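Q: Input work_39.cif, format and content: mmCIF, C-alpha atoms and all ligand atoms.
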data_entry
loop_
_atom_site.label_atom_id
_atom_site.label_comp_id
_atom_site.auth_asym_id
_atom_site.auth_seq_id
_atom_site.Cartn_x
_atom_site.Cartn_y
_atom_site.Cartn_z
CA MET W 142 5.85 46.73 -20.35
CA ALA W 143 2.11 46.47 -20.60
CA SER W 144 0.18 45.47 -17.54
CA ILE W 145 -3.28 43.98 -17.42
CA LYS W 146 -5.81 43.49 -14.69
CA THR W 147 -7.76 40.24 -14.53
CA LYS W 148 -10.07 38.41 -12.17
CA ALA W 149 -8.54 35.05 -11.35
CA ILE W 150 -8.60 31.99 -9.11
CA VAL W 151 -5.41 30.20 -8.04
CA LEU W 152 -5.51 26.53 -9.10
CA GLY W 153 -2.11 25.54 -7.75
CA GLY W 154 1.57 26.18 -8.23
CA THR W 155 5.19 25.15 -7.84
CA ASN W 156 7.90 26.69 -5.67
CA VAL W 157 10.90 28.03 -7.55
CA LYS W 158 14.15 29.64 -6.41
CA GLU W 159 14.33 30.67 -2.79
CA LYS W 160 11.13 32.61 -2.35
CA ASP W 161 9.31 32.63 -5.69
CA ARG W 162 6.38 30.65 -6.91
CA LEU W 163 5.04 29.77 -10.34
CA VAL W 164 1.29 29.96 -9.98
CA ASP W 165 -1.30 28.14 -12.06
CA LEU W 166 -3.96 30.80 -12.53
CA PHE W 167 -7.44 30.43 -13.99
CA THR W 168 -8.36 33.89 -15.23
CA LEU W 169 -11.71 35.22 -16.38
CA GLU W 170 -10.26 37.07 -19.37
CA LYS W 171 -7.46 34.79 -20.58
CA GLY W 172 -8.34 31.32 -19.36
CA ARG W 173 -5.62 29.28 -17.68
CA ILE W 174 -2.15 30.83 -17.54
CA CYS W 175 1.07 30.32 -15.62
CA VAL W 176 2.25 33.41 -13.75
CA SER W 177 5.31 34.18 -11.72
CA MET W 178 4.99 35.57 -8.20
CA ARG W 179 8.26 36.87 -6.83
CA GLY W 180 9.29 36.79 -3.19
CA VAL W 181 5.87 35.51 -2.10
CA ARG W 182 7.21 32.74 0.12
CA GLY W 183 8.83 35.11 2.57
CA ASP W 184 7.09 35.49 5.95
CA LYS W 185 6.51 39.18 5.44
CA ALA W 186 5.69 38.99 1.73
CA LYS W 187 2.87 41.30 0.76
CA LEU W 188 1.32 38.81 -1.66
CA LYS W 189 1.80 35.77 0.61
CA MET W 190 -1.93 34.92 0.83
CA ALA W 191 -2.55 35.47 -2.87
CA LYS W 192 -0.35 32.55 -3.94
CA GLU W 193 -2.46 29.92 -2.18
CA PRO W 194 -4.90 27.60 -4.00
CA PHE W 195 -8.53 28.82 -4.07
CA CYS W 196 -7.50 32.46 -3.75
CA PHE W 197 -9.86 34.62 -5.81
CA GLY W 198 -9.04 38.20 -6.59
CA GLU W 199 -8.08 40.84 -9.07
CA PHE W 200 -4.56 40.19 -10.29
CA VAL W 201 -2.38 42.78 -12.00
CA LEU W 202 0.00 41.10 -14.42
CA GLU W 203 2.97 42.61 -16.13
CA GLU W 204 3.38 41.11 -19.54
CA GLY W 205 6.88 40.71 -20.82
CA LYS W 206 8.71 37.43 -20.87
CA GLY W 207 5.83 35.51 -19.33
CA HIS W 208 3.46 37.06 -16.80
CA VAL W 209 4.64 38.54 -13.54
CA VAL W 210 2.13 39.36 -10.81
CA THR W 211 2.74 42.83 -9.41
CA GLN W 212 -0.40 43.38 -7.38
CA VAL W 213 -3.39 41.44 -6.08
CA GLU W 214 -6.58 42.62 -4.55
CA ILE W 215 -7.97 39.56 -2.78
CA VAL W 216 -11.75 39.25 -2.94
CA ASP W 217 -11.93 35.92 -1.08
CA ASN W 218 -9.28 33.33 -0.32
CA PHE W 219 -11.82 30.77 0.96
CA TYR W 220 -9.68 30.33 4.01
CA ASP W 221 -12.29 28.22 5.82
CA LEU W 222 -11.69 25.41 3.34
CA THR W 223 -8.32 24.79 4.97
CA LYS W 224 -9.99 24.26 8.35
CA ASP W 225 -12.04 21.26 7.22
CA LEU W 226 -10.04 18.44 5.64
CA ASP W 227 -13.02 16.90 3.82
CA LYS W 228 -13.99 20.22 2.30
CA TYR W 229 -10.38 20.97 1.46
CA TYR W 230 -9.95 17.73 -0.49
CA GLU W 231 -13.27 18.20 -2.22
CA GLY W 232 -12.17 21.69 -3.22
CA CYS W 233 -8.85 20.33 -4.51
CA ALA W 234 -10.73 17.75 -6.57
CA ILE W 235 -12.75 20.59 -8.13
CA LEU W 236 -9.57 22.56 -8.93
CA ASP W 237 -8.07 19.40 -10.47
CA LEU W 238 -11.09 19.06 -12.72
CA VAL W 239 -10.66 22.62 -13.92
CA LYS W 240 -6.97 21.95 -14.57
CA SER W 241 -7.84 18.96 -16.69
CA ILE W 242 -10.11 20.89 -19.03
CA ALA W 243 -9.50 24.65 -18.84
CA GLY W 244 -7.77 26.19 -21.80
CA GLN W 245 -8.83 29.42 -23.43
CA SER W 246 -11.06 31.96 -21.76
CA GLU W 247 -14.18 30.24 -20.48
CA PRO W 248 -16.23 32.77 -18.49
CA LYS W 249 -19.06 30.32 -17.86
CA LEU W 250 -16.69 27.83 -16.28
CA PHE W 251 -15.07 30.59 -14.24
CA ILE W 252 -18.40 31.63 -12.75
CA GLU W 253 -19.36 28.00 -12.14
CA LEU W 254 -16.08 27.40 -10.28
CA LEU W 255 -16.62 30.46 -8.14
CA GLN W 256 -20.14 29.34 -7.23
CA ALA W 257 -18.90 25.86 -6.37
CA LEU W 258 -16.14 27.18 -4.09
CA LYS W 259 -18.49 29.61 -2.35
CA THR W 260 -21.03 26.87 -1.69
CA LEU W 261 -18.39 24.44 -0.49
CA CYS W 262 -16.84 27.02 1.81
CA TYR W 263 -19.88 28.73 3.30
CA GLU W 264 -22.86 26.39 3.02
CA ASN W 265 -23.60 23.30 5.00
CA VAL W 266 -23.76 20.83 2.12
CA LYS W 267 -23.24 17.07 2.48
CA LYS W 268 -19.88 15.62 1.43
CA TYR W 269 -19.29 15.49 -2.36
CA TYR W 270 -22.63 17.09 -3.33
CA VAL W 271 -20.82 20.22 -4.53
CA PHE W 272 -18.35 18.02 -6.42
CA ASP W 273 -21.27 16.06 -7.94
CA LYS W 274 -22.99 19.24 -9.05
CA PHE W 275 -19.77 20.59 -10.52
CA LEU W 276 -19.13 17.30 -12.36
CA LEU W 277 -22.63 17.27 -13.79
CA ASP W 278 -22.54 20.92 -14.90
CA LEU W 279 -19.06 20.48 -16.34
CA THR W 280 -20.25 17.49 -18.37
CA GLU W 281 -23.03 19.65 -19.80
CA PHE W 282 -20.68 22.56 -20.35
CA LEU W 283 -18.46 20.29 -22.46
CA GLY W 284 -21.45 19.33 -24.58
CA PHE W 285 -22.21 15.86 -23.15
CA SER W 286 -25.64 16.53 -21.71
CA PHE W 287 -27.49 13.32 -20.81
CA CYS W 288 -30.29 14.26 -18.40
CA GLN W 289 -33.39 13.11 -20.21
CA ASN W 290 -36.37 10.98 -19.29
CA LYS W 291 -36.33 8.64 -22.27
CA CYS W 292 -34.06 5.95 -23.67
CA SER W 293 -31.49 7.67 -25.87
CA CYS W 294 -31.83 4.92 -28.53
CA CYS W 295 -35.51 3.96 -28.85
CA GLU W 296 -37.08 6.80 -26.85
CA ALA W 297 -38.99 4.37 -24.64
CA THR W 298 -40.02 5.65 -21.21
CA LEU W 299 -37.44 4.59 -18.65
CA ASN W 300 -39.05 2.35 -16.05
CA MET W 301 -35.82 0.49 -15.54
CA VAL W 302 -32.80 2.68 -16.20
CA TYR W 303 -29.34 1.80 -17.43
CA PHE W 304 -26.52 4.24 -18.00
CA ASP W 305 -24.40 3.39 -21.00
CA PHE W 306 -20.85 4.75 -20.68
CA GLY W 307 -20.11 3.97 -24.32
CA LYS W 308 -22.93 6.31 -25.34
CA GLY W 309 -22.79 8.66 -22.35
CA ALA W 310 -26.56 8.39 -22.06
CA TYR W 311 -29.49 6.63 -20.39
CA VAL W 312 -30.83 3.55 -22.13
CA CYS W 313 -33.63 1.04 -21.57
CA PRO W 314 -33.01 -2.70 -20.83
CA GLY W 315 -33.65 -3.52 -24.50
CA CYS W 316 -31.02 -1.09 -25.82
CA LYS W 317 -28.22 -1.54 -23.26
CA SER W 318 -24.79 -2.67 -24.42
CA GLU W 319 -21.90 -4.25 -22.50
CA THR W 320 -20.75 -0.79 -21.36
CA ALA W 321 -24.01 -0.13 -19.49
CA ILE W 322 -24.69 -0.34 -15.76
CA LYS W 323 -28.04 -0.53 -13.99
CA LEU W 324 -29.05 2.59 -12.14
CA SER W 325 -31.42 2.72 -9.16
CA GLN W 326 -34.56 4.83 -9.46
CA GLU W 327 -33.36 6.90 -6.51
CA ALA W 328 -30.09 7.76 -8.25
CA PHE W 329 -31.90 8.49 -11.51
CA LYS W 330 -34.21 10.94 -9.72
CA ALA W 331 -31.39 12.45 -7.65
CA ILE W 332 -29.32 13.23 -10.76
CA LYS W 333 -32.32 15.02 -12.20
CA ILE W 334 -32.73 17.06 -9.01
CA LEU W 335 -29.01 17.84 -8.97
CA HIS W 336 -29.27 18.94 -12.60
CA ASP W 337 -32.28 21.21 -12.06
CA CYS W 338 -31.27 22.85 -8.78
CA GLY W 339 -28.77 25.67 -8.38
CA TYR W 340 -25.84 25.65 -5.95
CA GLU W 341 -27.93 27.63 -3.46
CA LYS W 342 -30.31 24.67 -3.06
CA LEU W 343 -27.67 22.00 -2.46
CA SER W 344 -27.76 22.38 1.32
CA SER W 345 -31.37 21.14 1.41
CA LEU W 346 -30.53 17.98 -0.53
CA THR W 347 -30.16 14.57 1.14
CA MET W 348 -29.68 11.14 -0.42
CA THR W 349 -29.06 7.69 1.03
CA SER W 350 -25.40 6.74 1.23
CA GLY W 351 -25.90 4.04 -1.43
CA CYS W 352 -27.33 6.61 -3.79
CA GLU W 353 -24.50 9.06 -3.04
CA LYS W 354 -21.92 6.45 -4.03
CA GLU W 355 -23.84 5.48 -7.15
CA ILE W 356 -24.09 9.07 -8.35
CA LEU W 357 -20.49 10.04 -7.67
CA LYS W 358 -19.25 6.95 -9.48
CA LEU W 359 -21.52 7.49 -12.46
CA LEU W 360 -20.76 11.19 -12.89
CA ALA W 361 -16.99 10.76 -12.50
CA LEU W 362 -16.74 7.67 -14.71
CA ASN W 363 -18.89 9.26 -17.38
CA LEU W 364 -16.69 12.33 -17.58
CA GLU W 365 -13.61 10.06 -17.64
CA TRP W 366 -15.10 8.27 -20.63
CA ARG W 367 -15.92 11.54 -22.35
CA ILE W 368 -12.62 13.39 -21.90
CA GLY W 369 -10.19 10.54 -21.23
CA VAL W 370 -8.85 11.96 -17.97
CA LYS W 371 -8.77 10.01 -14.70
CA ILE W 372 -11.08 11.70 -12.19
CA LEU W 373 -12.09 9.24 -9.50
CA LYS W 374 -9.09 9.49 -7.20
CA ILE W 375 -11.39 10.04 -4.24
CA ASN W 376 -13.41 7.18 -2.70
ZN ZN O 1 -34.31 1.70 -25.69
#
Mind converting the file's structure to structure tokens?
A:
Amino acid sequence: MASIKTKAIVLGGTNVKEKDRLVDLFTLEKGRICVSMRGVRGDKAKLKMAKEPFCFGEFVLEEGKGHVVTQVEIVDNFYDLTKDLDKYYEGCAILDLVKSIAGQSEPKLFIELLQALKTLCYENVKKYYVFDKFLLDLTEFLGFSFCQNKCSCCEATLNMVYFDFGKGAYVCPGCKSETAIKLSQEAFKAIKILHDCGYEKLSSLTMTSGCEKEILKLLALNLEWRIGVKILKIN
């Protein structure tokens, strides 16, 4: 049987039989695949840590009937995420997003996910900012870029901003439809900052709590509109 080596991140999994687990793996080379990990639920199992969500490493897969993991070299299992419930749930929300869109090999998304997890785990970033950034970048990645300074219909300068979910874009008061909501200037500016800054700058970002709520709602709802998958399970 042929075996391949691939960099991968564990998205989740299901327990099967007495000690096995079917693991949902997001790989750099093959995109999202389901792999079988045998005997990994035993206390002394060698690959015990590698079956957990968030685990990033180099997986050796034997390809026959399905993929069987024979070896894993863990690079980082982001263990600290399990010590902070807020961060853990935020991380799970990010993994869920990847599950809802990942198919074939998507190296850009893989790198983005890794950056998001690293930032969430090791940087002191305010709650949901990493999730916001990931949502925004994912929206762009899927081809639904909307961060512009002008009305998407008439190109007027936006002094008063509306976001139109039907269009997935900013519009002016004159062009808004019934699917538009009014956006505060603070949220409009904050989305631009979030768009332009890298993950490494997120820890220096602060918004008012009203603005945080506005942004999270807009970014999640917009992606829901675009891809038809429910995202906003978190408050
Ligand atoms: Zn307009």
Q: Can you report as AutoDock Vina command-line options the centre and edge lengths in Å, to one decimal, of an axis-aligned box around the listed atoms of segment 268-287 of chain W padded with 8 Å on each side?
A:
--center_x -22.9 --center_y 17.9 --center_z -11.6 --size_x 25.1 --size_y 25.2 --size_z 42.0
Q: Neighbours of ligand ZN 1 (chain O) at 12 Å or closer, counting all atoms listed in the file: which residues, as a PDB file with C-alpha atoms, in the coordinates of the input?
A:
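Output saved as selection.pdb:
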ATOM      1  CA  ASN W 290     -36.370  10.980 -19.290  1.00  0.00           C
ATOM      2  CA  LYS W 291     -36.330   8.640 -22.270  1.00  0.00           C
ATOM      3  CA  CYS W 292     -34.060   5.950 -23.670  1.00  0.00           C
ATOM      4  CA  SER W 293     -31.490   7.670 -25.870  1.00  0.00           C
ATOM      5  CA  CYS W 294     -31.830   4.920 -28.530  1.00  0.00           C
ATOM      6  CA  CYS W 295     -35.510   3.960 -28.850  1.00  0.00           C
ATOM      7  CA  GLU W 296     -37.080   6.800 -26.850  1.00  0.00           C
ATOM      8  CA  ALA W 297     -38.990   4.370 -24.640  1.00  0.00           C
ATOM      9  CA  THR W 298     -40.020   5.650 -21.210  1.00  0.00           C
ATOM     10  CA  LEU W 299     -37.440   4.590 -18.650  1.00  0.00           C
ATOM     11  CA  ASN W 300     -39.050   2.350 -16.050  1.00  0.00           C
ATOM     12  CA  MET W 301     -35.820   0.490 -15.540  1.00  0.00           C
ATOM     13  CA  VAL W 302     -32.800   2.680 -16.200  1.00  0.00           C
ATOM     14  CA  TYR W 303     -29.340   1.800 -17.430  1.00  0.00           C
ATOM     15  CA  PHE W 304     -26.520   4.240 -18.000  1.00  0.00           C
ATOM     16  CA  ASP W 305     -24.400   3.390 -21.000  1.00  0.00           C
ATOM     17  CA  ALA W 310     -26.560   8.390 -22.060  1.00  0.00           C
ATOM     18  CA  TYR W 311     -29.490   6.630 -20.390  1.00  0.00           C
ATOM     19  CA  VAL W 312     -30.830   3.550 -22.130  1.00  0.00           C
ATOM     20  CA  CYS W 313     -33.630   1.040 -21.570  1.00  0.00           C
ATOM     21  CA  PRO W 314     -33.010  -2.700 -20.830  1.00  0.00           C
ATOM     22  CA  GLY W 315     -33.650  -3.520 -24.500  1.00  0.00           C
ATOM     23  CA  CYS W 316     -31.020  -1.090 -25.820  1.00  0.00           C
ATOM     24  CA  LYS W 317     -28.220  -1.540 -23.260  1.00  0.00           C
ATOM     25  CA  SER W 318     -24.790  -2.670 -24.420  1.00  0.00           C
TER      26      SER W 318
END
Q: Residues near Ser177 of chain W, anyone? I mean within 9 Å using all atoms listed in the file, not counting same-chain ones fewer than 4 positions away, as an MDAnalysis selection string.
A: chainID W and resid 161:165 207:210
Q: Counting all atoms listed in the file, figure out which residue out of W:Leu357, W:Ala149, W:Leu343, W:Val157 gets nearest to Phe200 of chain W.
A: W:Ala149
Q: For Glu199 of chain W, which residue among W:Lys185, W:Arg179, W:Lys148, W:Lys160 is the nearest when counting only C-alpha atoms?
A: W:Lys148
Q: Under the rule that all atoms listed in the file are counted, which of W:Lys206, W:Gly154, W:Gly244, W:Gly180 is the nearest residue to Pro194 of chain W?
A: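 Among the listed residues, the smallest separation from Pro194 of chain W belongs to W:Gly154.
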Q: To one decimal in Å, tell me the separation between atom CA of Phe197 of chain W and atom CA of Lys267 of chain W.
A: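 According to the coordinates, atom CA of Phe197 of chain W and atom CA of Lys267 of chain W are separated by 23.6 Å.
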Q: Could you give me segment 288-317 of chain W completed to N, CA and C atoms, formatted as a CSV table (one decimal), in the coordinates of the input?
A:
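Wrote it out as out-v5.csv, contents follow:
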chain,number,residue,atom,x,y,z
W,288,CYS,N,-29.1,14.3,-19.3
W,288,CYS,CA,-30.3,14.3,-18.4
W,288,CYS,C,-31.6,14.3,-19.2
W,289,GLN,N,-32.1,13.2,-19.6
W,289,GLN,CA,-33.4,13.1,-20.2
W,289,GLN,C,-34.2,12.0,-19.6
W,290,ASN,N,-35.5,12.0,-19.9
W,290,ASN,CA,-36.4,11.0,-19.3
W,290,ASN,C,-36.6,9.7,-20.1
W,291,LYS,N,-36.1,9.8,-21.4
W,291,LYS,CA,-36.3,8.6,-22.3
W,291,LYS,C,-35.1,7.9,-22.7
W,292,CYS,N,-35.2,6.7,-23.2
W,292,CYS,CA,-34.1,6.0,-23.7
W,292,CYS,C,-33.5,6.7,-24.8
W,293,SER,N,-32.1,6.9,-24.8
W,293,SER,CA,-31.5,7.7,-25.9
W,293,SER,C,-31.5,7.0,-27.2
W,294,CYS,N,-31.8,5.6,-27.2
W,294,CYS,CA,-31.8,4.9,-28.5
W,294,CYS,C,-33.2,4.8,-29.1
W,295,CYS,N,-34.2,4.2,-28.3
W,295,CYS,CA,-35.5,4.0,-28.8
W,295,CYS,C,-36.6,4.9,-28.3
W,296,GLU,N,-36.2,5.8,-27.4
W,296,GLU,CA,-37.1,6.8,-26.8
W,296,GLU,C,-38.2,6.2,-26.0
W,297,ALA,N,-38.0,5.0,-25.5
W,297,ALA,CA,-39.0,4.4,-24.6
W,297,ALA,C,-38.9,5.1,-23.3
W,298,THR,N,-40.0,5.1,-22.6
W,298,THR,CA,-40.0,5.6,-21.2
W,298,THR,C,-39.2,4.8,-20.3
W,299,LEU,N,-38.4,5.4,-19.4
W,299,LEU,CA,-37.4,4.6,-18.6
W,299,LEU,C,-38.1,4.1,-17.3
W,300,ASN,N,-38.6,2.9,-17.3
W,300,ASN,CA,-39.0,2.4,-16.0
W,300,ASN,C,-37.9,1.7,-15.3
W,301,MET,N,-37.1,1.0,-16.1
W,301,MET,CA,-35.8,0.5,-15.5
W,301,MET,C,-34.7,1.2,-16.3
W,302,VAL,N,-33.8,1.8,-15.5
W,302,VAL,CA,-32.8,2.7,-16.2
W,302,VAL,C,-31.4,2.1,-16.2
W,303,TYR,N,-30.8,2.1,-17.3
W,303,TYR,CA,-29.3,1.8,-17.4
W,303,TYR,C,-28.6,3.0,-17.9
W,304,PHE,N,-27.3,3.2,-17.5
W,304,PHE,CA,-26.5,4.2,-18.0
W,304,PHE,C,-25.4,3.6,-18.8
W,305,ASP,N,-25.4,4.0,-20.1
W,305,ASP,CA,-24.4,3.4,-21.0
W,305,ASP,C,-23.2,4.3,-21.2
W,306,PHE,N,-22.0,3.9,-20.6
W,306,PHE,CA,-20.8,4.8,-20.7
W,306,PHE,C,-20.3,4.9,-22.1
W,307,GLY,N,-20.5,3.9,-22.9
W,307,GLY,CA,-20.1,4.0,-24.3
W,307,GLY,C,-20.8,5.1,-25.0
W,308,LYS,N,-22.1,5.3,-24.7
W,308,LYS,CA,-22.9,6.3,-25.3
W,308,LYS,C,-23.0,7.6,-24.5
W,309,GLY,N,-22.7,7.5,-23.2
W,309,GLY,CA,-22.8,8.7,-22.4
W,309,GLY,C,-24.2,9.1,-22.2
W,310,ALA,N,-25.1,8.1,-22.1
W,310,ALA,CA,-26.6,8.4,-22.1
W,310,ALA,C,-27.3,7.3,-21.4
W,311,TYR,N,-28.6,7.6,-21.0
W,311,TYR,CA,-29.5,6.6,-20.4
W,311,TYR,C,-30.1,5.7,-21.5
W,312,VAL,N,-30.2,4.5,-21.2
W,312,VAL,CA,-30.8,3.6,-22.1
W,312,VAL,C,-31.8,2.6,-21.4
W,313,CYS,N,-32.7,2.0,-22.1
W,313,CYS,CA,-33.6,1.0,-21.6
W,313,CYS,C,-33.0,-0.4,-21.6
W,314,PRO,N,-33.6,-1.4,-20.9
W,314,PRO,CA,-33.0,-2.7,-20.8
W,314,PRO,C,-32.8,-3.3,-22.2
W,315,GLY,N,-33.7,-3.0,-23.1
W,315,GLY,CA,-33.6,-3.5,-24.5
W,315,GLY,C,-32.5,-3.0,-25.3
W,316,CYS,N,-32.0,-1.8,-25.0
W,316,CYS,CA,-31.0,-1.1,-25.8
W,316,CYS,C,-29.6,-1.1,-25.2
W,317,LYS,N,-29.5,-1.6,-24.0
W,317,LYS,CA,-28.2,-1.5,-23.3
W,317,LYS,C,-27.1,-2.4,-23.9
